[in-house]
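Undergrad: Data file coords_38.pdb (PDB, C-alpha atoms) is appended below.
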```pdb
MODEL        1
ATOM      1  CA  MET A   1      26.381 -80.549 -69.843
ATOM      2  CA  ASP A   2      29.373 -79.039 -68.029
ATOM      3  CA  ILE A   3      27.800 -76.417 -65.779
ATOM      4  CA  ALA A   4      31.276 -74.996 -65.063
ATOM      5  CA  ALA A   5      31.233 -73.530 -68.584
ATOM      6  CA  LEU A   6      28.521 -71.136 -67.405
ATOM      7  CA  TYR A   7      30.846 -69.868 -64.658
ATOM      8  CA  LYS A   8      32.982 -68.349 -67.427
ATOM      9  CA  LEU A   9      30.232 -65.847 -68.215
ATOM     10  CA  SER A  10      31.200 -62.517 -66.720
ATOM     11  CA  TYR A  11      28.843 -61.276 -64.053
ATOM     12  CA  GLY A  12      29.096 -59.863 -60.584
ATOM     13  CA  LEU A  13      27.778 -60.425 -57.099
ATOM     14  CA  TYR A  14      25.132 -58.191 -55.577
ATOM     15  CA  THR A  15      23.248 -57.879 -52.329
ATOM     16  CA  ALA A  16      19.523 -57.252 -52.707
ATOM     17  CA  GLY A  17      17.741 -55.216 -50.051
ATOM     18  CA  VAL A  18      13.967 -55.260 -49.637
ATOM     19  CA  LYS A  19      11.300 -54.427 -47.071
ATOM     20  CA  THR A  20       9.694 -57.325 -45.234
ATOM     21  CA  PRO A  21       6.792 -57.400 -42.789
ATOM     22  CA  ARG A  22       9.407 -57.546 -39.972
ATOM     23  CA  GLY A  23      11.945 -55.012 -41.284
ATOM     24  CA  TYR A  24      14.383 -55.711 -44.099
ATOM     25  CA  GLY A  25      15.434 -58.800 -45.996
ATOM     26  CA  GLY A  26      18.058 -59.494 -48.562
ATOM     27  CA  CYS A  27      20.113 -62.073 -50.347
ATOM     28  CA  ILE A  28      23.066 -62.528 -52.645
ATOM     29  CA  ILE A  29      22.165 -62.324 -56.313
ATOM     30  CA  ASP A  30      24.539 -63.301 -59.091
ATOM     31  CA  ALA A  31      22.327 -62.946 -62.168
ATOM     32  CA  VAL A  32      21.962 -59.282 -63.142
ATOM     33  CA  ALA A  33      22.140 -57.628 -66.545
ATOM     34  CA  GLN A  34      21.487 -54.145 -67.855
ATOM     35  CA  VAL A  35      19.231 -54.718 -70.855
ATOM     36  CA  SER A  36      18.620 -51.119 -71.941
ATOM     37  CA  ALA A  37      20.146 -47.701 -71.368
ATOM     38  CA  GLY A  38      19.092 -44.148 -72.009
ATOM     39  CA  ALA A  39      16.652 -42.044 -70.033
ATOM     40  CA  GLN A  40      15.108 -45.113 -68.362
ATOM     41  CA  PRO A  41      17.599 -47.977 -67.947
ATOM     42  CA  ILE A  42      16.168 -51.462 -67.456
ATOM     43  CA  ILE A  43      17.826 -54.177 -65.393
ATOM     44  CA  ALA A  44      17.037 -57.910 -65.528
ATOM     45  CA  VAL A  45      17.503 -59.781 -62.251
ATOM     46  CA  GLY A  46      17.286 -63.543 -61.759
ATOM     47  CA  SER A  47      16.244 -64.497 -58.223
ATOM     48  CA  MET A  48      15.850 -67.998 -56.784
ATOM     49  CA  LYS A  49      12.149 -68.808 -56.407
ATOM     50  CA  ASN A  50      12.434 -70.384 -52.963
ATOM     51  CA  ASN A  51      14.158 -67.337 -51.394
ATOM     52  CA  TYR A  52      12.184 -65.239 -48.954
ATOM     53  CA  THR A  53      13.694 -62.154 -50.585
ATOM     54  CA  ASN A  54      12.077 -63.232 -53.864
ATOM     55  CA  GLU A  55       8.661 -63.301 -52.156
ATOM     56  CA  CYS A  56       9.273 -59.855 -50.670
ATOM     57  CA  ILE A  57      10.362 -58.361 -53.998
ATOM     58  CA  LYS A  58       7.124 -59.627 -55.548
ATOM     59  CA  ALA A  59       5.098 -58.123 -52.695
ATOM     60  CA  GLU A  60       6.922 -54.787 -52.402
ATOM     61  CA  GLN A  61       7.729 -54.252 -56.098
ATOM     62  CA  GLU A  62      10.877 -52.292 -55.147
ATOM     63  CA  PHE A  63      14.343 -53.263 -53.960
ATOM     64  CA  THR A  64      17.972 -52.226 -54.004
ATOM     65  CA  LEU A  65      21.091 -53.849 -55.381
ATOM     66  CA  SER A  66      24.454 -53.143 -53.797
ATOM     67  CA  VAL A  67      27.279 -53.977 -56.233
ATOM     68  CA  LEU A  68      29.799 -55.906 -54.138
ATOM     69  CA  ALA A  69      33.452 -54.916 -54.356
ATOM     70  CA  GLU A  70      36.598 -56.987 -54.660
ATOM     71  CA  GLY A  71      37.831 -57.588 -51.140
ATOM     72  CA  THR A  72      34.336 -57.715 -49.634
ATOM     73  CA  ASP A  73      34.438 -59.466 -46.270
ATOM     74  CA  PRO A  74      33.603 -63.137 -46.982
ATOM     75  CA  PHE A  75      31.207 -63.064 -44.016
ATOM     76  CA  ILE A  76      29.020 -60.511 -45.829
ATOM     77  CA  ILE A  77      28.556 -62.953 -48.710
ATOM     78  CA  ALA A  78      27.926 -65.812 -46.284
ATOM     79  CA  ASN A  79      25.506 -63.748 -44.196
ATOM     80  CA  PHE A  80      23.343 -62.860 -47.187
ATOM     81  CA  GLY A  81      23.891 -66.086 -49.108
ATOM     82  CA  PHE A  82      23.878 -68.955 -46.619
ATOM     83  CA  GLN A  83      20.839 -68.229 -44.445
ATOM     84  CA  SER A  84      17.244 -67.191 -44.950
ATOM     85  CA  ALA A  85      15.733 -63.831 -44.078
ATOM     86  CA  ARG A  86      12.720 -65.876 -42.934
ATOM     87  CA  VAL A  87      14.680 -66.643 -39.742
ATOM     88  CA  ALA A  88      17.650 -64.251 -39.663
ATOM     89  CA  ASP A  89      17.870 -60.471 -39.546
ATOM     90  CA  LYS A  90      20.779 -60.322 -41.971
ATOM     91  CA  TRP A  91      21.089 -56.540 -41.963
ATOM     92  CA  THR A  92      21.958 -56.428 -38.231
ATOM     93  CA  ASN A  93      25.100 -58.389 -39.142
ATOM     94  CA  ALA A  94      26.248 -56.033 -41.897
ATOM     95  CA  PRO A  95      27.266 -52.381 -42.017
ATOM     96  CA  HIS A  96      24.558 -50.675 -44.016
ATOM     97  CA  THR A  97      22.649 -47.485 -44.651
ATOM     98  CA  VAL A  98      18.965 -47.033 -45.369
ATOM     99  CA  ARG A  99      18.468 -44.866 -48.467
ATOM    100  CA  ASP A 100      14.985 -43.865 -49.515
ATOM    101  CA  GLY A 101      13.519 -46.494 -47.186
ATOM    102  CA  LEU A 102      15.616 -49.468 -48.365
ATOM    103  CA  PRO A 103      18.913 -50.901 -47.109
ATOM    104  CA  VAL A 104      22.197 -50.753 -49.026
ATOM    105  CA  LEU A 105      25.478 -52.312 -47.996
ATOM    106  CA  ASP A 106      28.214 -49.900 -46.883
ATOM    107  CA  GLY A 107      31.388 -50.128 -48.952
ATOM    108  CA  ALA A 108      29.731 -51.318 -52.149
ATOM    109  CA  VAL A 109      30.960 -50.031 -55.513
ATOM    110  CA  SER A 110      27.558 -48.658 -56.461
ATOM    111  CA  TYR A 111      23.889 -48.940 -55.653
ATOM    112  CA  LEU A 112      20.707 -49.277 -57.686
ATOM    113  CA  ARG A 113      17.118 -48.760 -56.608
ATOM    114  CA  LEU A 114      14.848 -50.857 -58.797
ATOM    115  CA  ARG A 115      11.106 -50.934 -59.411
ATOM    116  CA  LEU A 116       9.653 -54.188 -60.708
ATOM    117  CA  PHE A 117       7.466 -53.819 -63.784
ATOM    118  CA  GLU A 118       7.345 -57.377 -65.111
ATOM    119  CA  LYS A 119       8.192 -60.849 -63.896
ATOM    120  CA  LYS A 120       8.501 -64.248 -65.531
ATOM    121  CA  GLU A 121       8.490 -67.474 -63.535
ATOM    122  CA  LEU A 122      11.181 -69.873 -64.730
ATOM    123  CA  ALA A 123      11.954 -73.403 -63.521
ATOM    124  CA  THR A 124      14.124 -72.417 -60.532
ATOM    125  CA  HIS A 125      14.210 -68.610 -60.674
ATOM    126  CA  THR A 126      12.009 -65.603 -61.177
ATOM    127  CA  LEU A 127      13.178 -63.181 -63.829
ATOM    128  CA  PHE A 128      12.446 -59.626 -62.719
ATOM    129  CA  LEU A 129      12.485 -56.796 -65.248
ATOM    130  CA  CYS A 130      13.014 -53.533 -63.420
ATOM    131  CA  ASP A 131      13.239 -49.822 -64.055
ATOM    132  CA  VAL A 132      16.199 -48.123 -62.405
ATOM    133  CA  THR A 133      14.591 -45.404 -60.297
ATOM    134  CA  ASP A 134      17.811 -44.233 -58.662
ATOM    135  CA  ALA A 135      21.508 -45.036 -58.843
ATOM    136  CA  TRP A 136      24.497 -43.709 -56.980
ATOM    137  CA  LEU A 137      28.193 -44.416 -56.720
ATOM    138  CA  GLY A 138      29.665 -45.923 -53.603
ATOM    139  CA  ASP A 139      33.356 -46.654 -53.090
ATOM    140  CA  ASN A 140      34.605 -45.573 -56.489
ATOM    141  CA  GLU A 141      38.176 -46.691 -55.688
ATOM    142  CA  ARG A 142      37.200 -50.372 -55.583
ATOM    143  CA  ARG A 143      36.410 -52.709 -58.455
ATOM    144  CA  PRO A 144      33.257 -54.866 -58.682
ATOM    145  CA  LEU A 145      33.549 -58.443 -57.445
ATOM    146  CA  ILE A 146      33.174 -60.854 -60.353
ATOM    147  CA  TYR A 147      31.380 -64.145 -59.645
ATOM    148  CA  GLY A 148      34.203 -66.233 -61.119
ATOM    149  CA  ASP A 149      36.687 -64.533 -58.773
ATOM    150  CA  TYR A 150      34.388 -65.272 -55.834
ATOM    151  CA  LEU A 151      34.236 -68.954 -56.795
ATOM    152  CA  ARG A 152      37.995 -69.180 -57.206
ATOM    153  CA  ASP A 153      39.171 -67.002 -54.324
ATOM    154  CA  MET A 154      36.433 -66.517 -51.743
ATOM    155  CA  LYS A 155      33.884 -69.316 -51.617
ATOM    156  CA  ASP A 156      35.799 -71.419 -49.092
ATOM    157  CA  ALA A 157      36.504 -68.344 -46.946
ATOM    158  CA  ALA A 158      32.803 -67.434 -47.003
ATOM    159  CA  MET A 159      31.845 -70.943 -45.866
ATOM    160  CA  GLU A 160      34.414 -70.824 -43.052
ATOM    161  CA  ALA A 161      33.242 -67.357 -41.950
ATOM    162  CA  PHE A 162      29.668 -68.622 -41.792
ATOM    163  CA  LYS A 163      30.666 -71.712 -39.766
ATOM    164  CA  ARG A 164      32.454 -69.463 -37.255
ATOM    165  CA  TYR A 165      29.407 -67.197 -37.056
ATOM    166  CA  LYS A 166      27.017 -70.103 -36.449
ATOM    167  CA  ALA A 167      29.327 -71.517 -33.781
ATOM    168  CA  SER A 168      29.520 -68.118 -32.050
ATOM    169  CA  ILE A 169      25.746 -67.719 -31.856
ATOM    170  CA  GLN A 170      25.372 -71.264 -30.519
ATOM    171  CA  GLU A 171      27.796 -70.369 -27.737
ATOM    172  CA  ASP A 172      26.115 -67.004 -27.100
ATOM    173  CA  PRO A 173      22.649 -66.700 -28.687
ATOM    174  CA  ALA A 174      22.651 -62.931 -28.065
ATOM    175  CA  ALA A 175      25.870 -62.516 -30.067
ATOM    176  CA  ILE A 176      25.762 -60.920 -33.469
ATOM    177  CA  ARG A 177      28.675 -60.223 -35.731
TER     178      ARG A 177
ENDMDL
END
```
Show how you would write the structure in this file as C-alpha cells.
TA:
Amino acid sequence: MDIAALYKLSYGLYTAGVKTPRGYGGCIIDAVAQVSAGAQPIIAVGSMKNNYTNECIKAEQEFTLSVLAEGTDPFIIANFGFQSARVADKWTNAPHTVRDGLPVLDGAVSYLRLRLFEKKELATHTLFLCDVTDAWLGDNERRPLIYGDYLRDMKDAAMEAFKRYKASIQEDPAAIR
C-alpha cells in the first residue's frame, strides 16, 4: 500500500488543548471531521493512543481544537507535535488564551470546544465522537492550514525549529521560547 495516497485526502492541522493534573496539555491533531450539522454539530477526532493528551481527553471529557492557519510559525507545530506534555509545558512556549477554562492558540482561524460522548479504541488511535459545545472565529483573514501543505512546505522547517529550541534549552535550561 502506498501510504502517500492518504496524504491526498484533504484535512487540516489542529492543536488540541486539555486540562491535565499539572495544568494544560495539548498536541497536534490531523484527523478531524465534522460528521453532523444542525443544532448540535458532531465532530470526529482521531488521536494517537500513546499521547498524553489522549489520556487527558479521556479523563477530562472536554477539550478544545484550534484550527491552525496558513503561515503558522513552524515552531508551534513542532512544540505541540514533537514532544510530550508528560514532560513539557507546551503552552508556556505558545501564545494562547484560556477560554472557558481551556487553552486555545492565539492566531488560529477558529476554535471549537468539544465534549466527548463516545470513544472507540482502534489499532493506533482513539476515535473520539464529540458534541461541539462552543465555537468561535479567530483570525478570519487567514486560511486554514491543510495537512498536505504542511507536509510539502513546512515539515522540514518545523523539524529545524524544534532542533533550535532543544539546543537553546540545553544551553540555558531556564530558557523558553
Undergrad: Within 9 Å of segment 88-91 of chain A, counting all atoms listed in the file, which residues show up once you throw out same-chain ones fewer than 2 positions away? Write them as a list in words, please.
TA: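 Here the qualifying residues turn out to be Gly17, Arg22, Gly23, Tyr24, Gly25, Gly26, Cys27, Asn79, Phe80, Gln83, Ser84, Ala85, Arg86, Asn93, Ala94, Pro95, His96, Pro103 and Leu105 of chain A.
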Undergrad: Evaluate the PyMOL selection byres ((chain A and resi 67) around 12) against this structure - the residues, as an MDAnalysis selection string, please.
TA: chainID A and resid 11:17 28:32 64:66 68:70 72 77 104:113 135:140 142:147
Undergrad: Find, counting only C-alpha atoms, the residue in A:Lys8, A:Tyr150, A:Asn51, A:Phe75 that gets nearest to Lys163 of chain A.
TA: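 Looking at the shortest contact to Lys163 of chain A, the residue is A:Phe75.
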Undergrad: In Å, rounded to a single decimal, give me how far atom CA of Tyr7 of chain A is from atom CA of Asp73 of chain A.
TA: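 Spanning atom CA of Asp73 of chain A to atom CA of Tyr7 of chain A is a straight-line distance of 21.4 Å.
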Undergrad: Could you tell me how far atom CA of Arg99 of chain A lies from atom CA of Asn54 of chain A, in Å and to one decimal?
TA: 20.2 Å
Undergrad: Just say which residues the PyMOL selection byres ((chain A and resi 56) around 10) picks in this file, as an mmCIF file with C-alpha atoms, in the frame of the given file.
TA:
```cif
data_model
loop_
_atom_site.group_PDB
_atom_site.id
_atom_site.type_symbol
_atom_site.label_atom_id
_atom_site.label_comp_id
_atom_site.auth_asym_id
_atom_site.auth_seq_id
_atom_site.Cartn_x
_atom_site.Cartn_y
_atom_site.Cartn_z
ATOM 1 C CA GLY A 17 17.741 -55.216 -50.051
ATOM 2 C CA VAL A 18 13.967 -55.260 -49.637
ATOM 3 C CA LYS A 19 11.300 -54.427 -47.071
ATOM 4 C CA THR A 20 9.694 -57.325 -45.234
ATOM 5 C CA PRO A 21 6.792 -57.400 -42.789
ATOM 6 C CA TYR A 24 14.383 -55.711 -44.099
ATOM 7 C CA GLY A 25 15.434 -58.800 -45.996
ATOM 8 C CA GLY A 26 18.058 -59.494 -48.562
ATOM 9 C CA ASN A 51 14.158 -67.337 -51.394
ATOM 10 C CA TYR A 52 12.184 -65.239 -48.954
ATOM 11 C CA THR A 53 13.694 -62.154 -50.585
ATOM 12 C CA ASN A 54 12.077 -63.232 -53.864
ATOM 13 C CA GLU A 55 8.661 -63.301 -52.156
ATOM 14 C CA ILE A 57 10.362 -58.361 -53.998
ATOM 15 C CA LYS A 58 7.124 -59.627 -55.548
ATOM 16 C CA ALA A 59 5.098 -58.123 -52.695
ATOM 17 C CA GLU A 60 6.922 -54.787 -52.402
ATOM 18 C CA GLN A 61 7.729 -54.252 -56.098
ATOM 19 C CA GLU A 62 10.877 -52.292 -55.147
ATOM 20 C CA PHE A 63 14.343 -53.263 -53.960
#
```
Undergrad: Select, from A:Met159, A:Leu127, A:Val132, A:Met154, the residue with the minimum atom-to-atom distance to Ile42 of chain A, counting only C-alpha atoms.
TA: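 Once distances to Ile42 of chain A are computed over only C-alpha atoms, the minimum belongs to A:Val132.
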Undergrad: With all atoms listed in the file as the basis for distance, which of A:Ala39, A:Thr124, A:Ala4, A:Met48 is at the shortest distance from Leu151 of chain A?
TA: A:Ala4
Undergrad: For atom CA of Arg115 of chain A and atom CA of Asp131 of chain A, determine how far apart the two atoms are, in Å to one decimal place.
TA: 5.2 Å
